[in-house]
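Asker: Below are the structure tokens for one structure; questions will follow.
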Amino acid sequence: MSKLLINEAPVMIIPSLAVRLGINEAVVLQQIHYWITSSTHVIEGRKWIYNTYKDWQKQLPFWSESTIKRAIRSLEDQGYLRSGNFNQLKIDKTKWYTIDYERLEALEPTESEPSFAQTELSSTSACIIEDTNLNQAIPESTSEITSEKETPVVEIIHYLNEKTKADYKPSTYKTQEMIRARIREGFTVEDFKKVIDLKTIEWMYDPRMCKYLRPATLFGSKFESYLNQKSCEKSLNEEDFDLDDEA
């Protein structure tokens with residue numbers, strides 16, 4: 001039997017979690033959860049673990065440190081991972097981590113998604129292999145591209161904030177669902193960026209329209225119309241857009 005096939009204790013990735021957080025994020029969160037369960041470091045009523053990015057990369061050698069760092073920061077931005085510094089020496093910048101299990105439990109899968117309680121996957125589902133040794137990897141044939149296709153919420157919102165000088169949160173549930181709805185319709189990250197670019201040019205310096213440079217308007221039901229609009233001069237009418245008052 002090939003040594004590359006399952007011959008160790010496997011850890012299953014729950015599909016609905018990977019869809020909502022991204023495959024990279026789901027792998028990292030599972031790995032952190034694994035070590036939290038056996039941690040003896042209890043601070044403020046929560047178990048914490050600590051590791052450097054370099055040490056995480058030893059456990060996940062199929063990724064670069066920068067990929068792991070992006071996955072961790074994504075989990076922090078979305079509010080599912082908390083970090084801190086409880087080192088005795090202030091010069092020690094090793095980060096400590098714990099999972100916000102309450103926030104994680106608040107994620108409710110849709111009817112079309114598998115339950116978070118699912119413990120097994122079908123033969124066509126992805127799985128992650130994990131050795132019980134801290135320095136062993138969890139082999140997974142995934143990539144940054146796959147993660148971006150699954151849930152690029154953070155990338156899109158960061159791009160919107162950069163272009164519009166705003167401070168929208170990628171962890172907002174309505175924003176996440178609106179972006180995922182467009183992705184399910186087949187739109188790409190580049191489509192989102194194009195809409196942001198087009199509407200920023202059109203609305204940014206218009207006193208009446210600039211307030212609508214927000215996720216609820218840009219990524220709503222008129223997203224495809226914005227994406228395919230022609231560059232031309234025209235007067236602006238509020239009835240042409242999704243101008244609801246919700247953030």
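Residues in the structure tokens are named by chain (A, B, ... in the order shown) and by number from 1 within that chain; ligands are numbered from 1 in the order shown.
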Going by DSSP on the backbone, which bits of region 41-76 of chain A are helix (DSSP H, G or I)? Write them as a list in words, please.

Answerer: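 Here are the helix (DSSP H, G or I) residues of region 41-76 of chain A: Tyr53, Lys54, Asp55, Trp56, Gln57, Lys58, Gln59, Glu65, Ser66, Thr67, Ile68, Lys69, Arg70, Ala71, Ile72, Arg73, Ser74, Leu75 and Glu76 of chain A.
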
Asker: Just want the 12 Å neighbourhood of Phe219 (chain A), counted on only C-alpha atoms, with same-chain residues fewer than 2 positions away dropped. Output as a PDB file with N, CA and C atoms, in the first residue's frame.

Answerer:
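Writing done, so here's result.pdb:
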ATOM      1  N   VAL A 153     -14.189  36.588   1.272  1.00  0.00           N
ATOM      2  CA  VAL A 153     -14.847  37.738   1.890  1.00  0.00           C
ATOM      3  C   VAL A 153     -13.835  38.760   2.381  1.00  0.00           C
ATOM      4  N   ILE A 156     -12.111  40.706  -0.459  1.00  0.00           N
ATOM      5  CA  ILE A 156     -13.019  41.640  -1.126  1.00  0.00           C
ATOM      6  C   ILE A 156     -13.285  42.860  -0.255  1.00  0.00           C
ATOM      7  N   ILE A 157     -13.556  42.646   1.020  1.00  0.00           N
ATOM      8  CA  ILE A 157     -13.855  43.767   1.918  1.00  0.00           C
ATOM      9  C   ILE A 157     -12.619  44.625   2.142  1.00  0.00           C
ATOM     10  N   LEU A 160     -12.389  46.793  -0.860  1.00  0.00           N
ATOM     11  CA  LEU A 160     -13.390  47.861  -0.800  1.00  0.00           C
ATOM     12  C   LEU A 160     -12.943  48.962   0.160  1.00  0.00           C
ATOM     13  N   LYS A 174     -24.284  39.631   7.374  1.00  0.00           N
ATOM     14  CA  LYS A 174     -25.007  39.996   6.159  1.00  0.00           C
ATOM     15  C   LYS A 174     -24.046  40.205   4.991  1.00  0.00           C
ATOM     16  N   THR A 175     -22.898  40.811   5.256  1.00  0.00           N
ATOM     17  CA  THR A 175     -21.901  41.021   4.214  1.00  0.00           C
ATOM     18  C   THR A 175     -21.386  39.691   3.688  1.00  0.00           C
ATOM     19  N   GLN A 176     -21.077  38.766   4.592  1.00  0.00           N
ATOM     20  CA  GLN A 176     -20.594  37.450   4.187  1.00  0.00           C
ATOM     21  C   GLN A 176     -21.619  36.741   3.307  1.00  0.00           C
ATOM     22  N   GLU A 177     -22.889  36.758   3.730  1.00  0.00           N
ATOM     23  CA  GLU A 177     -23.919  36.056   2.974  1.00  0.00           C
ATOM     24  C   GLU A 177     -24.146  36.685   1.603  1.00  0.00           C
ATOM     25  N   MET A 178     -24.048  38.003   1.510  1.00  0.00           N
ATOM     26  CA  MET A 178     -24.266  38.684   0.238  1.00  0.00           C
ATOM     27  C   MET A 178     -23.152  38.336  -0.754  1.00  0.00           C
ATOM     28  N   ILE A 179     -21.922  38.312  -0.281  1.00  0.00           N
ATOM     29  CA  ILE A 179     -20.800  37.955  -1.148  1.00  0.00           C
ATOM     30  C   ILE A 179     -20.904  36.502  -1.577  1.00  0.00           C
ATOM     31  N   ARG A 180     -21.223  35.624  -0.648  1.00  0.00           N
ATOM     32  CA  ARG A 180     -21.352  34.201  -0.994  1.00  0.00           C
ATOM     33  C   ARG A 180     -22.498  33.956  -1.969  1.00  0.00           C
ATOM     34  N   ALA A 181     -23.553  34.744  -1.864  1.00  0.00           N
ATOM     35  CA  ALA A 181     -24.669  34.599  -2.801  1.00  0.00           C
ATOM     36  C   ALA A 181     -24.223  34.901  -4.218  1.00  0.00           C
ATOM     37  N   ARG A 182     -23.415  35.943  -4.379  1.00  0.00           N
ATOM     38  CA  ARG A 182     -22.920  36.286  -5.713  1.00  0.00           C
ATOM     39  C   ARG A 182     -21.928  35.229  -6.220  1.00  0.00           C
ATOM     40  N   ILE A 183     -21.112  34.678  -5.300  1.00  0.00           N
ATOM     41  CA  ILE A 183     -20.161  33.637  -5.691  1.00  0.00           C
ATOM     42  C   ILE A 183     -20.898  32.389  -6.147  1.00  0.00           C
ATOM     43  N   GLU A 185     -23.553  32.352  -7.651  1.00  0.00           N
ATOM     44  CA  GLU A 185     -24.074  32.666  -8.979  1.00  0.00           C
ATOM     45  C   GLU A 185     -22.988  32.622 -10.050  1.00  0.00           C
ATOM     46  N   PHE A 187     -19.916  34.479  -9.925  1.00  0.00           N
ATOM     47  CA  PHE A 187     -19.044  35.642 -10.021  1.00  0.00           C
ATOM     48  C   PHE A 187     -17.725  35.392  -9.297  1.00  0.00           C
ATOM     49  N   VAL A 189     -13.714  36.870  -7.740  1.00  0.00           N
ATOM     50  CA  VAL A 189     -13.117  37.961  -6.966  1.00  0.00           C
ATOM     51  C   VAL A 189     -12.843  39.156  -7.870  1.00  0.00           C
ATOM     52  N   ASP A 191     -14.477  40.027 -10.448  1.00  0.00           N
ATOM     53  CA  ASP A 191     -15.753  40.699 -10.728  1.00  0.00           C
ATOM     54  C   ASP A 191     -16.096  41.678  -9.608  1.00  0.00           C
ATOM     55  N   PHE A 192     -15.880  41.257  -8.367  1.00  0.00           N
ATOM     56  CA  PHE A 192     -16.150  42.136  -7.235  1.00  0.00           C
ATOM     57  C   PHE A 192     -15.252  43.366  -7.292  1.00  0.00           C
ATOM     58  N   LYS A 193     -13.984  43.147  -7.583  1.00  0.00           N
ATOM     59  CA  LYS A 193     -13.044  44.267  -7.647  1.00  0.00           C
ATOM     60  C   LYS A 193     -13.408  45.221  -8.788  1.00  0.00           C
ATOM     61  N   LYS A 194     -13.886  44.668  -9.899  1.00  0.00           N
ATOM     62  CA  LYS A 194     -14.279  45.513 -11.021  1.00  0.00           C
ATOM     63  C   LYS A 194     -15.465  46.389 -10.648  1.00  0.00           C
ATOM     64  N   VAL A 195     -16.454  45.805  -9.982  1.00  0.00           N
ATOM     65  CA  VAL A 195     -17.614  46.588  -9.541  1.00  0.00           C
ATOM     66  C   VAL A 195     -17.182  47.677  -8.570  1.00  0.00           C
ATOM     67  N   ILE A 196     -16.312  47.321  -7.630  1.00  0.00           N
ATOM     68  CA  ILE A 196     -15.813  48.313  -6.671  1.00  0.00           C
ATOM     69  C   ILE A 196     -15.108  49.453  -7.398  1.00  0.00           C
ATOM     70  N   LYS A 199     -17.786  51.621  -9.488  1.00  0.00           N
ATOM     71  CA  LYS A 199     -18.689  52.453  -8.681  1.00  0.00           C
ATOM     72  C   LYS A 199     -17.915  53.476  -7.844  1.00  0.00           C
ATOM     73  N   TYR A 212     -23.396  55.329  -0.806  1.00  0.00           N
ATOM     74  CA  TYR A 212     -23.830  54.014  -1.248  1.00  0.00           C
ATOM     75  C   TYR A 212     -22.666  53.116  -1.675  1.00  0.00           C
ATOM     76  N   LEU A 213     -21.443  53.572  -1.427  1.00  0.00           N
ATOM     77  CA  LEU A 213     -20.275  52.725  -1.637  1.00  0.00           C
ATOM     78  C   LEU A 213     -20.133  51.807  -0.428  1.00  0.00           C
ATOM     79  N   ARG A 214     -20.988  50.811  -0.370  1.00  0.00           N
ATOM     80  CA  ARG A 214     -21.072  49.914   0.779  1.00  0.00           C
ATOM     81  C   ARG A 214     -21.482  48.522   0.290  1.00  0.00           C
ATOM     82  N   PRO A 215     -21.200  47.482   1.058  1.00  0.00           N
ATOM     83  CA  PRO A 215     -21.519  46.116   0.633  1.00  0.00           C
ATOM     84  C   PRO A 215     -22.985  45.906   0.281  1.00  0.00           C
ATOM     85  N   ALA A 216     -23.900  46.444   1.080  1.00  0.00           N
ATOM     86  CA  ALA A 216     -25.326  46.213   0.854  1.00  0.00           C
ATOM     87  C   ALA A 216     -25.788  46.709  -0.495  1.00  0.00           C
ATOM     88  N   THR A 217     -25.177  47.770  -0.998  1.00  0.00           N
ATOM     89  CA  THR A 217     -25.554  48.322  -2.296  1.00  0.00           C
ATOM     90  C   THR A 217     -24.751  47.687  -3.429  1.00  0.00           C
ATOM     91  N   SER A 221     -28.687  42.856  -5.414  1.00  0.00           N
ATOM     92  CA  SER A 221     -29.333  42.252  -6.584  1.00  0.00           C
ATOM     93  C   SER A 221     -28.926  42.903  -7.906  1.00  0.00           C
ATOM     94  N   LYS A 222     -28.389  44.114  -7.878  1.00  0.00           N
ATOM     95  CA  LYS A 222     -27.984  44.805  -9.108  1.00  0.00           C
ATOM     96  C   LYS A 222     -26.497  44.628  -9.417  1.00  0.00           C
ATOM     97  N   PHE A 223     -25.863  43.673  -8.724  1.00  0.00           N
ATOM     98  CA  PHE A 223     -24.425  43.454  -8.897  1.00  0.00           C
ATOM     99  C   PHE A 223     -24.062  43.212 -10.363  1.00  0.00           C
ATOM    100  N   GLU A 224     -24.817  42.360 -11.048  1.00  0.00           N
ATOM    101  CA  GLU A 224     -24.505  42.042 -12.441  1.00  0.00           C
ATOM    102  C   GLU A 224     -24.666  43.259 -13.341  1.00  0.00           C
ATOM    103  N   SER A 225     -25.648  44.092 -13.043  1.00  0.00           N
ATOM    104  CA  SER A 225     -25.839  45.312 -13.832  1.00  0.00           C
ATOM    105  C   SER A 225     -24.655  46.251 -13.665  1.00  0.00           C
ATOM    106  N   TYR A 226     -24.188  46.386 -12.426  1.00  0.00           N
ATOM    107  CA  TYR A 226     -23.013  47.223 -12.189  1.00  0.00           C
ATOM    108  C   TYR A 226     -21.801  46.669 -12.936  1.00  0.00           C
ATOM    109  N   LEU A 227     -21.650  45.355 -12.909  1.00  0.00           N
ATOM    110  CA  LEU A 227     -20.490  44.717 -13.529  1.00  0.00           C
ATOM    111  C   LEU A 227     -20.466  44.954 -15.036  1.00  0.00           C
ATOM    112  N   PHE A 241     -30.647  52.366  -8.332  1.00  0.00           N
ATOM    113  CA  PHE A 241     -29.761  51.556  -7.522  1.00  0.00           C
ATOM    114  C   PHE A 241     -30.486  50.950  -6.326  1.00  0.00           C
ATOM    115  N   ASP A 242     -29.800  49.959  -5.665  1.00  0.00           N
ATOM    116  CA  ASP A 242     -30.302  49.385  -4.416  1.00  0.00           C
ATOM    117  C   ASP A 242     -29.934  50.338  -3.286  1.00  0.00           C
ATOM    118  N   LEU A 243     -30.780  51.270  -2.991  1.00  0.00           N
ATOM    119  CA  LEU A 243     -30.419  52.297  -2.011  1.00  0.00           C
ATOM    120  C   LEU A 243     -31.176  52.073  -0.714  1.00  0.00           C
ATOM    121  N   ALA A 247     -26.990  48.704   6.552  1.00  0.00           N
ATOM    122  CA  ALA A 247     -25.535  48.692   6.340  1.00  0.00           C
ATOM    123  C   ALA A 247     -25.113  47.390   5.707  1.00  0.00           C
TER     124      ALA A 247
END

Asker: Kindly assemble as a tab-separated table a list of the region 151-227 of chain A residues that lie within 12 Å of region 54-77 of chain A, each paired with its nearest atom pair and their distance in Å to one decimal, using only C-alpha atoms, sorted first by chain and then by ascending residue number.

Answerer:
residue	atom	partner	partner_atom	distance
A:Thr151	CA	A:Ser74	CA	10.4
A:Pro152	CA	A:Ser74	CA	9.7
A:Val153	CA	A:Ser74	CA	9.3
A:Val154	CA	A:Ser74	CA	6.6
A:Glu155	CA	A:Ser74	CA	9.0
A:Ile156	CA	A:Ser74	CA	11.9
A:Ile157	CA	A:Asp77	CA	10.9
A:His158	CA	A:Asp77	CA	10.5
A:Tyr168	CA	A:Asp77	CA	11.1
A:Lys169	CA	A:Asp77	CA	7.8
A:Pro170	CA	A:Asp77	CA	6.8
A:Ser171	CA	A:Asp77	CA	6.5
A:Thr172	CA	A:Asp77	CA	10.2

Asker: What would the file look like if the residues just selected were written as an mmCIF file, in the first residue's frame with C-alpha atoms?

Answerer:
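Below is the file selection_24.cif, written as the result:
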data_model
loop_
_atom_site.group_PDB
_atom_site.id
_atom_site.type_symbol
_atom_site.label_atom_id
_atom_site.label_comp_id
_atom_site.auth_asym_id
_atom_site.auth_seq_id
_atom_site.Cartn_x
_atom_site.Cartn_y
_atom_site.Cartn_z
ATOM 1 C CA THR A 151 -14.681 32.346 0.760
ATOM 2 C CA PRO A 152 -12.824 35.480 -0.413
ATOM 3 C CA VAL A 153 -14.847 37.738 1.890
ATOM 4 C CA VAL A 154 -11.833 39.193 3.667
ATOM 5 C CA GLU A 155 -9.977 39.941 0.417
ATOM 6 C CA ILE A 156 -13.019 41.640 -1.126
ATOM 7 C CA ILE A 157 -13.855 43.767 1.918
ATOM 8 C CA HIS A 158 -10.237 44.795 2.375
ATOM 9 C CA TYR A 168 -16.313 47.663 6.799
ATOM 10 C CA LYS A 169 -15.873 44.428 8.730
ATOM 11 C CA PRO A 170 -15.507 41.119 6.853
ATOM 12 C CA SER A 171 -17.000 39.384 9.900
ATOM 13 C CA THR A 172 -20.454 40.981 9.397
#
